[in-house]
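**Student:** Sharing a structure below in C-alpha cells format, with a few things to ask.
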Amino acid sequence: MLFNEKKPVGGTFLDLERAKKWDDRSTKLESNHLEKVKDIASKLKLTPESIVADLGCGSGFFTIELAGYCKKVFAIDISPIMLELLNGKLLINGISNIACYNKGILEYLSEHESNDLDALILQVSFHHLPDFWKNVAIYHMARILKPDGRVFLSDVIFSFPVSDYKECFKEMIDFIRLKGDDGLTKDTENHLLEEYSTFDWIIEGMFQKNGFKMISKDKKSSTYSDYIFQK
C-alpha cells in the first residue's frame with residue numbers, strides 16, 4: 001500500500017502546453033541555474049563515477065546539466081509529458097547517461113532494491129507527498145543510498161511562527177508575481193491551499209529520525225530552504 005501519487009493535487013503537468021511553459025518559468029526563477037547545478041554537484045561530492053537519482057525531474061531543466069558531473073542519472077517524474085520533453089532534449093543534445101522513468105517519488109524509492117546510489121535530488125518536488133509518506137520516502141532513501149550518500153532537498157518549507165502565516169504567504173505570492181506570470185502565481189496559491197509543504201522542524205526531524213545528519217541549511221526565505229543531508 002502506497003500513497004497515490006498519480007492523483008492530481010495542486011498544479012499538474014499532464015498537459016503539453018502547460019508543461020512546455022515550465023522551462024520558461026524555471027529560467028525566470030533560476031536565472032543562474034548553471035552555477036546552481038555546479039554548487040549542488042560540489043555539495044553532493046559528485047564524481048565522474050557517481051550514480052544519482054533526480055526525483056521529480058520535470059522536463060530536465062537541471063537534470064541535463066547535472067549529467068555532466070556524474071556517471072549516471074536516473075530521471076524520475078510522474079508526468080509522461082515532462083519526460084517526453086526531457087527525452088527530446090536528450091536526443092537533440094546527444095546525452096546518453098540519463099535514464100528516464102515514469103514513476104512517482106515514493107514509487108521509485110520503494111521499488112529500488114540495492115543501495116547503489118551516491119546522491120538523491122529533490123527539487124521542488126517533495127511537497128507532493130503528505131508528511132507521513134515523506135517519512136516513508138526518507139526511510140527508503142536511507143535504504144538505497146550508499147554509506148555517506150547525500151540528499152539535496154530544495155523546496156517550499158516553512159520556517160516562520162504559525163501566527164505569521166498570512167504575512168509570509170503574502171510575501172511568497174508577491175515574490176512569485178514579480179518573478180513569474182499569472183499562471184505561476186495561481187499555481188503558488190493552489191500550492192498553499194492544496195499541496196503538502198511542511199515546517200522545517202518537521203522535515204529536519206524526519207531525516208534525523210531516519211539516520212541522516214544535516215550538513216547544511218540555506219534558508220532562502222521564511223517559505224523556502226535548501227538542505228544537504230548525509231546518510
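The chains in the C-alpha cells are called A, B, ... from first to last as shown; in each chain the residues are counted from 1, and the ligands are counted from 1 in the order shown.
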Name the residues in contact with Ile144 in chain A at a cut-off of 9 Å, using only C-alpha atoms, excluding same-chain residues fewer than 2 positions from it; report them as a PyMOL selection string.
**Tutor:** chain A and resi 109+112-117+140-142+146
**Student:** Keeping only C-alpha atoms, write the selected residues to a file as a tab-separated table (two decimals), in the first residue's frame.
**Tutor:**
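Printed below is selection_20.tsv as written:
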chain	number	residue	atom	x	y	z
A	109	LEU	CA	12.21	4.76	-3.89
A	112	HIS	CA	14.66	0.39	-5.89
A	113	GLU	CA	16.27	-2.65	-4.30
A	114	SER	CA	20.02	-2.07	-3.97
A	115	ASN	CA	21.98	0.58	-2.07
A	116	ASP	CA	23.94	1.75	-5.12
A	117	LEU	CA	23.08	5.46	-5.27
A	140	HIS	CA	13.73	4.29	1.64
A	141	MET	CA	16.32	6.98	0.85
A	142	ALA	CA	18.41	5.72	3.76
A	146	LYS	CA	25.49	4.16	-0.30
**Student:** Can I get the residues of range 122-200 of chain A within 8 Å of range 43-66 of chain A, each with the closest pair of atoms and their distance in Å to one decimal, using only C-alpha atoms, sorted chain first then ascending number, as a Markdown table?
**Tutor:**
| residue | atom | partner | partner_atom | distance |
| --- | --- | --- | --- | --- |
| A:Leu122 | CA | A:Leu55 | CA | 5.2 |
| A:Gln123 | CA | A:Gly56 | CA | 7.0 |
| A:Val124 | CA | A:Gly56 | CA | 7.7 |
| A:Ser125 | CA | A:Gly56 | CA | 5.4 |
| A:Phe126 | CA | A:Gly56 | CA | 8.0 |
| A:Arg150 | CA | A:Leu44 | CA | 5.9 |
| A:Val151 | CA | A:Leu44 | CA | 7.3 |
| A:Phe152 | CA | A:Leu44 | CA | 7.2 |
**Student:** Please extract the residues of range 13-214 of chain A with a backbone DSSP assignment of strand (DSSP E or B) and present them as a PyMOL selection string.
**Tutor:** chain A and resi 51-55+72-77+98-102+117-123+145-158+198-199+213-214
**Student:** Go ahead and save the residues from that selection, with N, CA and C atoms, as a compact mmCIF listing (two decimals), in the first residue's frame.
**Tutor:**
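The result, written out as result_7.txt:
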# COMPACT_ATOMS: atom_id res chain seq x y z
N ILE A 51 26.49 7.86 -9.20
CA ILE A 51 25.17 7.49 -9.71
C ILE A 51 24.14 8.24 -8.88
N VAL A 52 23.26 8.98 -9.57
CA VAL A 52 22.36 9.92 -8.92
C VAL A 52 20.93 9.68 -9.40
N ALA A 53 19.96 9.91 -8.53
CA ALA A 53 18.55 9.92 -8.94
C ALA A 53 17.98 11.32 -8.71
N ASP A 54 17.38 11.88 -9.76
CA ASP A 54 16.72 13.18 -9.70
C ASP A 54 15.23 12.91 -9.58
N LEU A 55 14.69 13.10 -8.38
CA LEU A 55 13.32 12.71 -8.06
C LEU A 55 12.36 13.87 -8.27
N LYS A 72 25.90 8.45 -14.14
CA LYS A 72 24.54 8.09 -14.50
C LYS A 72 23.54 8.89 -13.68
N VAL A 73 22.47 9.32 -14.35
CA VAL A 73 21.36 9.98 -13.66
C VAL A 73 20.07 9.24 -13.98
N PHE A 74 19.36 8.84 -12.95
CA PHE A 74 18.02 8.30 -13.12
C PHE A 74 17.05 9.47 -12.97
N ALA A 75 16.33 9.78 -14.04
CA ALA A 75 15.41 10.92 -14.06
C ALA A 75 13.99 10.39 -13.81
N ILE A 76 13.43 10.77 -12.68
CA ILE A 76 12.15 10.22 -12.23
C ILE A 76 11.09 11.31 -12.24
N ASP A 77 9.96 11.03 -12.91
CA ASP A 77 8.87 12.00 -12.85
C ASP A 77 7.54 11.30 -13.10
N ILE A 98 21.51 9.61 -19.07
CA ILE A 98 20.28 9.88 -18.32
C ILE A 98 19.24 8.83 -18.71
N ALA A 99 18.69 8.14 -17.72
CA ALA A 99 17.64 7.15 -17.95
C ALA A 99 16.35 7.65 -17.32
N CYS A 100 15.28 7.73 -18.10
CA CYS A 100 14.01 8.29 -17.64
C CYS A 100 13.05 7.20 -17.17
N TYR A 101 12.38 7.47 -16.06
CA TYR A 101 11.40 6.53 -15.52
C TYR A 101 10.13 7.29 -15.15
N ASN A 102 9.00 6.84 -15.69
CA ASN A 102 7.71 7.47 -15.40
C ASN A 102 7.14 6.87 -14.11
N LEU A 117 23.16 4.06 -4.87
CA LEU A 117 23.08 5.46 -5.27
C LEU A 117 23.98 6.33 -4.40
N ASP A 118 24.69 7.24 -5.06
CA ASP A 118 25.57 8.16 -4.34
C ASP A 118 24.82 9.39 -3.84
N ALA A 119 23.77 9.78 -4.55
CA ALA A 119 23.06 11.00 -4.17
C ALA A 119 21.64 10.98 -4.70
N LEU A 120 20.78 11.73 -4.02
CA LEU A 120 19.39 11.93 -4.43
C LEU A 120 19.12 13.43 -4.47
N ILE A 121 18.33 13.84 -5.45
CA ILE A 121 17.97 15.25 -5.58
C ILE A 121 16.45 15.37 -5.59
N LEU A 122 15.94 16.24 -4.74
CA LEU A 122 14.51 16.55 -4.71
C LEU A 122 14.38 18.07 -4.79
N GLN A 123 14.06 18.53 -5.97
CA GLN A 123 13.99 19.97 -6.19
C GLN A 123 12.56 20.38 -6.52
N LEU A 145 20.66 4.52 -0.47
CA LEU A 145 21.90 5.30 -0.62
C LEU A 145 23.10 4.50 -0.14
N LYS A 146 24.23 4.72 -0.78
CA LYS A 146 25.49 4.16 -0.30
C LYS A 146 25.84 4.80 1.06
N PRO A 147 26.72 4.17 1.84
CA PRO A 147 27.21 4.83 3.06
C PRO A 147 27.77 6.22 2.73
N ASP A 148 27.39 7.19 3.52
CA ASP A 148 27.79 8.60 3.33
C ASP A 148 27.12 9.25 2.13
N GLY A 149 26.14 8.56 1.53
CA GLY A 149 25.39 9.16 0.42
C GLY A 149 24.65 10.41 0.87
N ARG A 150 24.40 11.31 -0.07
CA ARG A 150 23.82 12.61 0.29
C ARG A 150 22.50 12.89 -0.43
N VAL A 151 21.71 13.75 0.19
CA VAL A 151 20.43 14.20 -0.37
C VAL A 151 20.44 15.71 -0.48
N PHE A 152 20.07 16.22 -1.66
CA PHE A 152 19.84 17.66 -1.82
C PHE A 152 18.34 17.87 -1.88
N LEU A 153 17.82 18.65 -0.95
CA LEU A 153 16.40 18.97 -0.88
C LEU A 153 16.22 20.47 -1.01
N SER A 154 15.43 20.88 -1.99
CA SER A 154 15.15 22.30 -2.21
C SER A 154 13.65 22.43 -2.43
N ASP A 155 12.97 23.16 -1.53
CA ASP A 155 11.51 23.16 -1.64
C ASP A 155 10.89 24.27 -0.80
N VAL A 156 9.59 24.40 -0.97
CA VAL A 156 8.81 25.27 -0.09
C VAL A 156 8.75 24.60 1.27
N ILE A 157 9.43 25.20 2.24
CA ILE A 157 9.50 24.68 3.60
C ILE A 157 9.33 25.87 4.55
N PHE A 158 8.41 25.75 5.46
CA PHE A 158 8.03 26.89 6.30
C PHE A 158 8.92 26.98 7.54
N THR A 198 5.67 21.59 4.35
CA THR A 198 5.67 21.40 5.80
C THR A 198 6.65 22.34 6.48
N PHE A 199 6.76 22.24 7.79
CA PHE A 199 7.67 23.09 8.57
C PHE A 199 9.09 22.52 8.58
N LYS A 213 22.26 13.01 8.96
CA LYS A 213 22.69 14.22 9.64
C LYS A 213 22.60 15.39 8.67
N MET A 214 22.24 16.55 9.19
CA MET A 214 22.10 17.73 8.35
C MET A 214 23.47 18.37 8.15
**Student:** Would you kindly return, as a PyMOL selection string, each protein, DNA or RNA residue with an atom no farther than 12 Å from any atom of Arg177 in chain A, considering only C-alpha atoms and excluding same-chain residues fewer than 2 positions away?
**Tutor:** chain A and resi 25+28-29+170-175+179-189
**Student:** What is the CA of Trp133 in chain A-CA of Lys7 in chain A distance in Å, reported with one decimal?
**Tutor:**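 If I compute the distance from CA of Trp133 in chain A to CA of Lys7 in chain A, I get 14.4 Å.
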**Student:** Work out how far CA of Lys103 in chain A is from CA of Asn32 in chain A, in Å to one decimal.
**Tutor:**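 Those two atoms sit 28.5 Å apart.
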**Student:** Taking 5 positions as the minimum chain separation for residues in the same chain, which residues sit within 12 Å of Asn4 in chain A when counting only C-alpha atoms? Answer as a ChimeraX atom specification.
**Tutor:** /A:9,78,103-107,128-130,133
**Student:** Using only C-alpha atoms, pick whichever of A:Tyr224, A:Phe207, A:Tyr196, A:Tyr108 has the shortest atom-to-atom distance to Ser159 in chain A.
**Tutor:**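 Of all the options, A:Tyr224 lies closest to Ser159 in chain A.
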**Student:** Pick the closest to Asn190 in chain A from A:Phe3, A:Phe169, A:Val37, A:Lys231: which is it, counting only C-alpha atoms?
**Tutor:**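 Ranked by minimum distance to Asn190 in chain A, first place goes to A:Phe169.
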**Student:** Please return, as a ChimeraX atom specification, all residues of range 36-179 of chain A that DSSP assigns to alpha helix (DSSP H) on the basis of the backbone.
**Tutor:** /A:36-43,63-66,80-93,105-111,131-144,165-179
**Student:** So how many Å separate CA of Tyr165 in chain A and CA of Phe212 in chain A, to one decimal?
**Tutor:**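 Taking CA of Tyr165 in chain A and CA of Phe212 in chain A, their separation equals 28.8 Å.
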